[in-house]
$ cat work_30.cif   # mmCIF, C-alpha atoms and all ligand atoms
data_protein
#
loop_
_atom_site.label_atom_id
_atom_site.label_comp_id
_atom_site.auth_asym_id
_atom_site.auth_seq_id
_atom_site.Cartn_x
_atom_site.Cartn_y
_atom_site.Cartn_z
CA MET A 17 11.85 11.16 12.14
CA ASP A 18 13.75 13.09 9.48
CA ALA A 19 13.30 12.48 5.76
CA LYS A 20 16.43 10.34 5.50
CA GLU A 21 15.33 8.01 8.27
CA LEU A 22 11.78 7.97 6.91
CA ILE A 23 12.83 6.94 3.42
CA PHE A 24 16.15 5.14 3.84
CA GLY A 25 14.90 3.11 6.79
CA ARG A 26 11.64 2.05 5.16
CA HIS A 27 10.92 -1.58 4.43
CA SER A 28 7.72 -3.50 3.91
CA VAL A 29 6.31 -4.75 7.19
CA ARG A 30 4.14 -7.85 7.23
CA ASN A 31 3.51 -8.52 10.90
CA PHE A 32 1.51 -6.19 13.11
CA LEU A 33 0.53 -5.61 16.70
CA PRO A 34 -3.23 -5.52 17.24
CA ASP A 35 -3.07 -1.93 18.60
CA PRO A 36 -5.32 0.35 16.54
CA VAL A 37 -4.02 3.21 14.43
CA PRO A 38 -5.05 6.32 16.42
CA GLU A 39 -7.80 8.33 14.72
CA VAL A 40 -5.70 11.51 14.54
CA VAL A 41 -2.89 9.57 12.88
CA LEU A 42 -5.27 7.97 10.39
CA ALA A 43 -6.58 11.45 9.59
CA ASP A 44 -3.03 12.61 8.76
CA ILE A 45 -2.39 9.50 6.68
CA LEU A 46 -5.50 10.15 4.59
CA GLU A 47 -4.66 13.84 4.32
CA ALA A 48 -1.21 12.92 2.97
CA GLY A 49 -2.94 10.97 0.21
CA ARG A 50 -5.44 13.73 -0.49
CA LEU A 51 -2.75 16.38 -0.94
CA ALA A 52 -0.70 14.38 -3.45
CA PRO A 53 0.14 15.83 -6.85
CA SER A 54 -1.61 14.41 -9.93
CA ALA A 55 -1.59 14.92 -13.67
CA GLN A 56 -3.80 17.96 -14.41
CA ASN A 57 -4.82 17.75 -10.76
CA ARG A 58 -7.42 15.10 -11.61
CA GLN A 59 -7.04 13.31 -8.22
CA PRO A 60 -8.28 9.93 -9.46
CA TRP A 61 -7.54 8.12 -6.19
CA ARG A 62 -10.37 6.67 -4.09
CA TYR A 63 -9.69 4.97 -0.75
CA LEU A 64 -11.58 2.27 1.13
CA VAL A 65 -10.56 2.20 4.77
CA PHE A 66 -11.07 -0.67 7.20
CA THR A 67 -10.38 -0.22 10.91
CA ASP A 68 -12.35 -3.20 12.18
CA ASN A 69 -10.18 -6.29 12.39
CA GLY A 70 -13.25 -8.55 12.04
CA LYS A 71 -14.01 -6.96 8.66
CA ILE A 72 -10.35 -7.24 7.65
CA GLN A 73 -10.38 -10.94 8.46
CA LYS A 74 -13.49 -11.42 6.29
CA LEU A 75 -11.92 -9.38 3.53
CA ALA A 76 -8.82 -11.57 3.69
CA GLN A 77 -11.04 -14.55 2.88
CA ASN A 78 -12.72 -12.79 -0.04
CA CYS A 79 -10.08 -10.93 -1.97
CA GLY A 80 -8.22 -13.79 -3.59
CA LEU A 81 -4.91 -12.90 -1.96
CA VAL A 82 -2.28 -15.37 -3.01
CA GLY A 83 0.43 -17.03 -0.96
CA LEU A 84 1.09 -15.98 2.59
CA SER A 85 -0.25 -12.44 2.23
CA ILE A 86 -3.53 -13.59 3.70
CA PHE A 87 -1.82 -14.27 7.04
CA PHE A 88 -0.30 -10.89 7.48
CA ILE A 89 -3.30 -8.81 6.51
CA ARG A 90 -5.54 -10.82 8.83
CA LYS A 91 -3.77 -9.51 11.91
CA ALA A 92 -3.64 -5.87 10.83
CA PRO A 93 -5.66 -3.30 12.80
CA CYS A 94 -6.14 -1.17 9.68
CA LEU A 95 -6.23 -1.85 5.97
CA ILE A 96 -6.59 0.58 3.10
CA ILE A 97 -7.51 -0.28 -0.46
CA ALA A 98 -6.31 2.20 -3.05
CA CYS A 99 -8.52 2.53 -6.11
CA ALA A 100 -8.32 4.81 -9.12
CA ASP A 101 -11.34 6.14 -10.96
CA THR A 102 -10.59 5.82 -14.66
CA LYS A 103 -13.16 8.57 -15.29
CA SER A 104 -10.60 10.96 -13.77
CA ASN A 105 -7.78 9.71 -15.96
CA VAL A 106 -5.66 12.00 -18.05
CA ARG A 107 -3.73 10.70 -21.05
CA ILE A 108 -0.49 12.43 -22.01
CA ASN A 109 2.00 11.15 -24.60
CA ASN A 110 -0.13 8.06 -25.08
CA GLN A 111 0.23 7.29 -21.39
CA ASP A 112 -2.55 6.92 -18.83
CA TYR A 113 -1.81 8.65 -15.55
CA TYR A 114 -4.45 7.39 -13.14
CA LEU A 115 -2.21 4.59 -11.86
CA VAL A 116 0.81 6.86 -11.50
CA ASP A 117 -1.25 9.45 -9.62
CA THR A 118 -2.72 6.87 -7.28
CA ALA A 119 0.65 5.27 -6.59
CA ILE A 120 2.13 8.65 -5.64
CA SER A 121 -0.81 9.38 -3.35
CA PHE A 122 -0.79 5.95 -1.68
CA HIS A 123 2.94 6.05 -1.12
CA GLN A 124 2.63 9.48 0.50
CA MET A 125 0.15 7.87 2.88
CA MET A 126 2.60 5.08 3.66
CA LEU A 127 5.38 7.55 4.43
CA MET A 128 3.13 9.69 6.60
CA ALA A 129 2.15 6.53 8.50
CA ARG A 130 5.80 5.64 8.99
CA SER A 131 6.51 9.06 10.47
CA TYR A 132 4.18 7.96 13.30
CA GLY A 133 5.83 4.53 13.64
CA ILE A 134 3.06 2.85 11.66
CA GLU A 135 4.29 0.53 8.95
CA SER A 136 2.70 -0.95 5.86
CA CYS A 137 3.23 -3.26 2.89
CA TRP A 138 2.08 -2.55 -0.65
CA LEU A 139 0.13 -5.57 -1.91
CA ALA A 140 -0.76 -6.33 -5.49
CA ALA A 141 -1.24 -10.08 -5.29
CA PHE A 142 -5.01 -10.07 -4.85
CA SER A 143 -7.80 -10.81 -7.29
CA GLU A 144 -9.26 -7.56 -8.56
CA LYS A 145 -12.30 -9.44 -9.82
CA LYS A 146 -13.05 -11.08 -6.45
CA LEU A 147 -12.44 -7.90 -4.51
CA ARG A 148 -14.59 -5.82 -6.86
CA GLY A 149 -17.44 -8.30 -6.44
CA TYR A 150 -17.07 -8.55 -2.65
CA LEU A 151 -16.98 -4.79 -2.04
CA LYS A 152 -19.22 -3.84 -4.99
CA ILE A 153 -16.58 -1.50 -6.35
CA PRO A 154 -17.76 0.53 -9.37
CA GLU A 155 -16.72 -0.75 -12.79
CA SER A 156 -14.97 2.53 -13.64
CA TRP A 157 -12.53 2.07 -10.72
CA ARG A 158 -9.36 0.01 -10.93
CA ILE A 159 -8.14 -1.50 -7.67
CA VAL A 160 -4.52 -0.42 -7.62
CA ALA A 161 -3.24 -1.76 -4.31
CA MET A 162 -4.05 -2.59 -0.76
CA SER A 163 -1.94 -2.27 2.35
CA PRO A 164 -2.21 -3.21 5.98
CA PHE A 165 -1.24 -0.41 8.38
CA GLY A 166 -0.16 -0.93 11.97
CA TYR A 167 2.58 -0.88 14.54
CA PRO A 168 5.16 -3.53 13.67
CA ALA A 169 5.31 -6.74 15.65
CA GLU A 170 8.40 -8.84 15.98
CA LYS A 171 9.11 -10.67 12.72
CA SER A 172 7.99 -14.27 12.77
CA LEU A 173 9.94 -16.89 10.86
CA TYR A 174 7.56 -16.88 7.89
CA VAL A 175 7.61 -13.08 7.72
CA LYS A 176 11.41 -13.14 7.64
CA ALA A 177 11.22 -15.73 4.86
CA ILE A 178 8.85 -13.57 2.76
CA SER A 179 11.01 -10.46 3.15
CA SER A 180 14.08 -12.38 2.15
CA PHE A 181 12.23 -14.03 -0.78
CA ALA A 182 10.98 -10.59 -1.91
CA GLY A 183 14.58 -9.34 -1.80
CA SER A 184 13.75 -6.63 0.69
CA ASN A 185 17.34 -5.41 1.13
CA GLU A 186 18.49 -5.78 -2.44
CA ARG A 187 18.68 -2.72 -4.63
CA LYS A 188 20.30 -2.06 -8.00
CA ALA A 189 23.45 0.02 -7.82
CA LEU A 190 23.06 3.72 -8.64
CA GLY A 191 25.12 3.21 -11.80
CA GLU A 192 22.49 0.81 -13.16
CA ILE A 193 19.61 3.21 -12.78
CA VAL A 194 21.03 6.71 -13.15
CA GLN A 195 22.79 8.42 -16.02
CA PHE A 196 24.31 11.87 -15.60
CA LEU A 197 24.14 13.56 -19.00
C1 LIG A 201 3.59 -2.46 -6.82
C2 LIG A 201 4.04 -3.34 -5.66
C3 LIG A 201 3.42 -4.57 -5.47
C4 LIG A 201 3.78 -5.38 -4.38
N1 LIG A 201 3.07 -6.53 -4.13
C5 LIG A 201 3.40 -7.27 -3.05
C6 LIG A 201 2.61 -8.42 -2.71
O1 LIG A 201 1.63 -8.73 -3.38
N2 LIG A 201 2.99 -9.16 -1.64
C7 LIG A 201 4.06 -8.81 -0.86
O2 LIG A 201 4.33 -9.51 0.11
N3 LIG A 201 4.80 -7.70 -1.14
C8 LIG A 201 4.50 -6.94 -2.20
N4 LIG A 201 5.22 -5.79 -2.47
C9 LIG A 201 6.36 -5.42 -1.61
C10 LIG A 201 7.69 -5.70 -2.34
O3 LIG A 201 7.94 -7.09 -2.33
C11 LIG A 201 8.80 -4.92 -1.63
O4 LIG A 201 8.53 -3.55 -1.68
C12 LIG A 201 10.17 -5.17 -2.27
O5 LIG A 201 10.55 -6.52 -2.14
C13 LIG A 201 11.25 -4.32 -1.59
O6 LIG A 201 11.27 -4.61 -0.21
P1 LIG A 201 11.02 -3.51 0.91
O7 LIG A 201 9.70 -2.83 0.62
O8 LIG A 201 10.96 -4.31 2.20
O9 LIG A 201 12.17 -2.56 0.89
C14 LIG A 201 4.85 -4.98 -3.53
C15 LIG A 201 5.46 -3.73 -3.75
C16 LIG A 201 5.04 -2.91 -4.78
C17 LIG A 201 5.69 -1.54 -4.94
#
$ encode --input "work_30.cif" --output "structure tokens"
Amino acid sequence: MDAKELIFGRHSVRNFLPDPVPEVVLADILEAGRLAPSAQNRQPWRYLVFTDNGKIQKLAQNCGLVGLSIFFIRKAPCLIIACADTKSNVRINNQDYYLVDTAISFHQMMLMARSYGIESCWLAAFSEKKLRGYLKIPESWRIVAMSPFGYPAEKSLYVKAISSFAGSNERKALGEIVQFL
């Protein structure tokens, strides 16, 4: 898959086949996150990886996910939670960079996954408090995101509805977001 197809063809996927993510592929996904750039190379990201669907199902019950998200993570063969250790934060121009760094790293993982035909969906609509308690995540870590990873299954009606509700295909025109100076 070339870069254009990788990036231009990407959309959030919310319905997965039960087939596991092969270990070698998971290794590349994690490596893509590890090699990401970060402010002053602080590498604040920390990843919690689930490859046991039973554990993912339990997690789905204990992370305070809102709406229908709970249905689509429950079926996933793999789920990764992206955290950021605030102790590795760097502040530049009055701006904290641990979230930026972790987002770059996690998105690199998502793109690497996609290059192997494995799709994902960034999720923010969980309860950080519940999840922290359930997984005993250290207080200095923020939970930035979670995402299911897996081979895409055919879209069910509710998955189509979520994508359309989330405005999956809508993007601002270039003129609204770019200025040539
Ligand atoms: C920071 C962030 C948080 C998101 N949180 C959720 C979420 O909680 N639930 C969900 O279904 N999708 C979530 N999404 C996916 C967006 O809805 C999706 O990326 C957007 O609608 C564009 O659609 P596309 O990814 O299919 O192109 C999130 C995406 C980002 C980047």
$ atom_distance --input "work_30.cif" --atom1 "atom CA of Gln124 of chain A" --atom2 "atom CA of Leu173 of chain A"
29.3 Å
$ atom_distance --input "work_30.cif" --atom1 "atom N3 of ligand LIG 201 (chain A)" --atom2 "atom CA of Ala182 of chain A"
6.9 Å
$ closest_residue --input "work_30.cif" --among "A:Asp35, A:Ile159, A:His27, A:Leu51" --to "ligand LIG 201 (chain A)" --atoms "all atoms listed in the file"
A:His27
$ residues_around --input "work_30.cif" --residues "Phe142 of chain A" --least-positions-apart "6" --cutoff "12 Å" --atoms "only C-alpha atoms" --output "list in words"
Leu75, Ala76, Gln77, Asn78, Cys79, Gly80, Leu81, Val82, Gly83, Leu84, Ser85, Ile86, Ile89, Ile97, Arg148, Ile159, Val160, Ala161, Met162 and Ser163 of chain A
$ write_last_selection --input "work_30.cif" --atoms "C-alpha atoms" --output "PDB file, in the coordinates of the input"
ATOM      1  CA  LEU A  75     -11.920  -9.380   3.530  1.00  0.00           C
ATOM      2  CA  ALA A  76      -8.820 -11.570   3.690  1.00  0.00           C
ATOM      3  CA  GLN A  77     -11.040 -14.550   2.880  1.00  0.00           C
ATOM      4  CA  ASN A  78     -12.720 -12.790  -0.040  1.00  0.00           C
ATOM      5  CA  CYS A  79     -10.080 -10.930  -1.970  1.00  0.00           C
ATOM      6  CA  GLY A  80      -8.220 -13.790  -3.590  1.00  0.00           C
ATOM      7  CA  LEU A  81      -4.910 -12.900  -1.960  1.00  0.00           C
ATOM      8  CA  VAL A  82      -2.280 -15.370  -3.010  1.00  0.00           C
ATOM      9  CA  GLY A  83       0.430 -17.030  -0.960  1.00  0.00           C
ATOM     10  CA  LEU A  84       1.090 -15.980   2.590  1.00  0.00           C
ATOM     11  CA  SER A  85      -0.250 -12.440   2.230  1.00  0.00           C
ATOM     12  CA  ILE A  86      -3.530 -13.590   3.700  1.00  0.00           C
ATOM     13  CA  ILE A  89      -3.300  -8.810   6.510  1.00  0.00           C
ATOM     14  CA  ILE A  97      -7.510  -0.280  -0.460  1.00  0.00           C
ATOM     15  CA  ARG A 148     -14.590  -5.820  -6.860  1.00  0.00           C
ATOM     16  CA  ILE A 159      -8.140  -1.500  -7.670  1.00  0.00           C
ATOM     17  CA  VAL A 160      -4.520  -0.420  -7.620  1.00  0.00           C
ATOM     18  CA  ALA A 161      -3.240  -1.760  -4.310  1.00  0.00           C
ATOM     19  CA  MET A 162      -4.050  -2.590  -0.760  1.00  0.00           C
ATOM     20  CA  SER A 163      -1.940  -2.270   2.350  1.00  0.00           C
TER      21      SER A 163
END
$ residues_near_ligand --input "work_30.cif" --ligand "ligand LIG 201 (chain A)" --cutoff "6 Å" --atoms "all atoms listed in the file" --output "list in words"
His27, Ser28, Ser85, Cys137, Trp138, Leu139, Ala140, Ala141, Ala182, Gly183, Ser184 and Asn185 of chain A
$ atom_distance --input "work_30.cif" --atom1 "atom CA of Pro36 of chain A" --atom2 "atom CA of Pro164 of chain A"
11.6 Å
$ residues_around --input "work_30.cif" --residues "Arg130 of chain A" --least-positions-apart "3" --cutoff "10 Å" --atoms "all atoms listed in the file" --output "MDAnalysis selection string"
chainID A and resid 17 21:23 25:27 45 124:127 133:136 165:167
$ write_last_selection --input "work_30.cif" --atoms "C-alpha atoms" --output "JSON list (two decimals), in the coordinates of the input"
[["chain", "number", "residue", "atom", "x", "y", "z"],
["A", 17, "MET", "CA", 11.85, 11.16, 12.14],
["A", 21, "GLU", "CA", 15.33, 8.01, 8.27],
["A", 22, "LEU", "CA", 11.78, 7.97, 6.91],
["A", 23, "ILE", "CA", 12.83, 6.94, 3.42],
["A", 25, "GLY", "CA", 14.90, 3.11, 6.79],
["A", 26, "ARG", "CA", 11.64, 2.05, 5.16],
["A", 27, "HIS", "CA", 10.92, -1.58, 4.43],
["A", 45, "ILE", "CA", -2.39, 9.50, 6.68],
["A", 124, "GLN", "CA", 2.63, 9.48, 0.50],
["A", 125, "MET", "CA", 0.15, 7.87, 2.88],
["A", 126, "MET", "CA", 2.60, 5.08, 3.66],
["A", 127, "LEU", "CA", 5.38, 7.55, 4.43],
["A", 133, "GLY", "CA", 5.83, 4.53, 13.64],
["A", 134, "ILE", "CA", 3.06, 2.85, 11.66],
["A", 135, "GLU", "CA", 4.29, 0.53, 8.95],
["A", 136, "SER", "CA", 2.70, -0.95, 5.86],
["A", 165, "PHE", "CA", -1.24, -0.41, 8.38],
["A", 166, "GLY", "CA", -0.16, -0.93, 11.97],
["A", 167, "TYR", "CA", 2.58, -0.88, 14.54]]
$ residues_around --input "work_30.cif" --residues "Ala55 of chain A" --least-positions-apart "6" --cutoff "12 Å" --atoms "all atoms listed in the file" --output "PyMOL selection string"
chain A and resi 61+104-108+111-118+120-121
$ closest_residue --input "work_30.cif" --among "A:Ser180, A:Asn31, A:Ser156, A:Ser131" --to "Arg62 of chain A" --atoms "all atoms listed in the file"
A:Ser156
$ axis_aligned_box --input "work_30.cif" --around "segment 147-154 of chain A" --padding-each-side "6 Å" --output "lines of an AutoDock Vina configuration file"
center_x = -15.8
center_y = -4.0
center_z = -5.7
size_x = 18.8
size_y = 21.1
size_z = 19.3
$ decode --input "work_30.cif" --residues "segment 22-46 of chain A" --atoms "C-alpha atoms" --output "compact mmCIF listing (two decimals), in the first residue's frame"
# COMPACT_ATOMS: atom_id res chain seq x y z
CA LEU A 22 -2.60 4.48 3.27
CA ILE A 23 -3.59 8.01 4.23
CA PHE A 24 -6.25 9.04 1.71
CA GLY A 25 -8.10 5.75 2.03
CA ARG A 26 -8.10 5.68 5.82
CA HIS A 27 -11.33 5.84 7.77
CA SER A 28 -12.26 4.76 11.26
CA VAL A 29 -13.36 1.14 11.35
CA ARG A 30 -15.75 -0.02 14.04
CA ASN A 31 -16.53 -3.61 13.13
CA PHE A 32 -13.94 -6.36 13.21
CA LEU A 33 -13.42 -9.98 12.28
CA PRO A 34 -12.36 -12.14 15.22
CA ASP A 35 -9.08 -13.11 13.48
CA PRO A 36 -6.11 -12.17 15.67
CA VAL A 37 -3.53 -9.57 14.71
CA PRO A 38 -0.44 -11.66 13.84
CA GLU A 39 2.37 -11.27 16.38
CA VAL A 40 4.87 -10.02 13.79
CA VAL A 41 2.39 -7.37 12.67
CA LEU A 42 1.71 -6.30 16.24
CA ALA A 43 5.46 -6.01 16.75
CA ASP A 44 5.69 -3.61 13.78
CA ILE A 45 2.70 -1.62 15.02
CA LEU A 46 4.34 -1.12 18.42
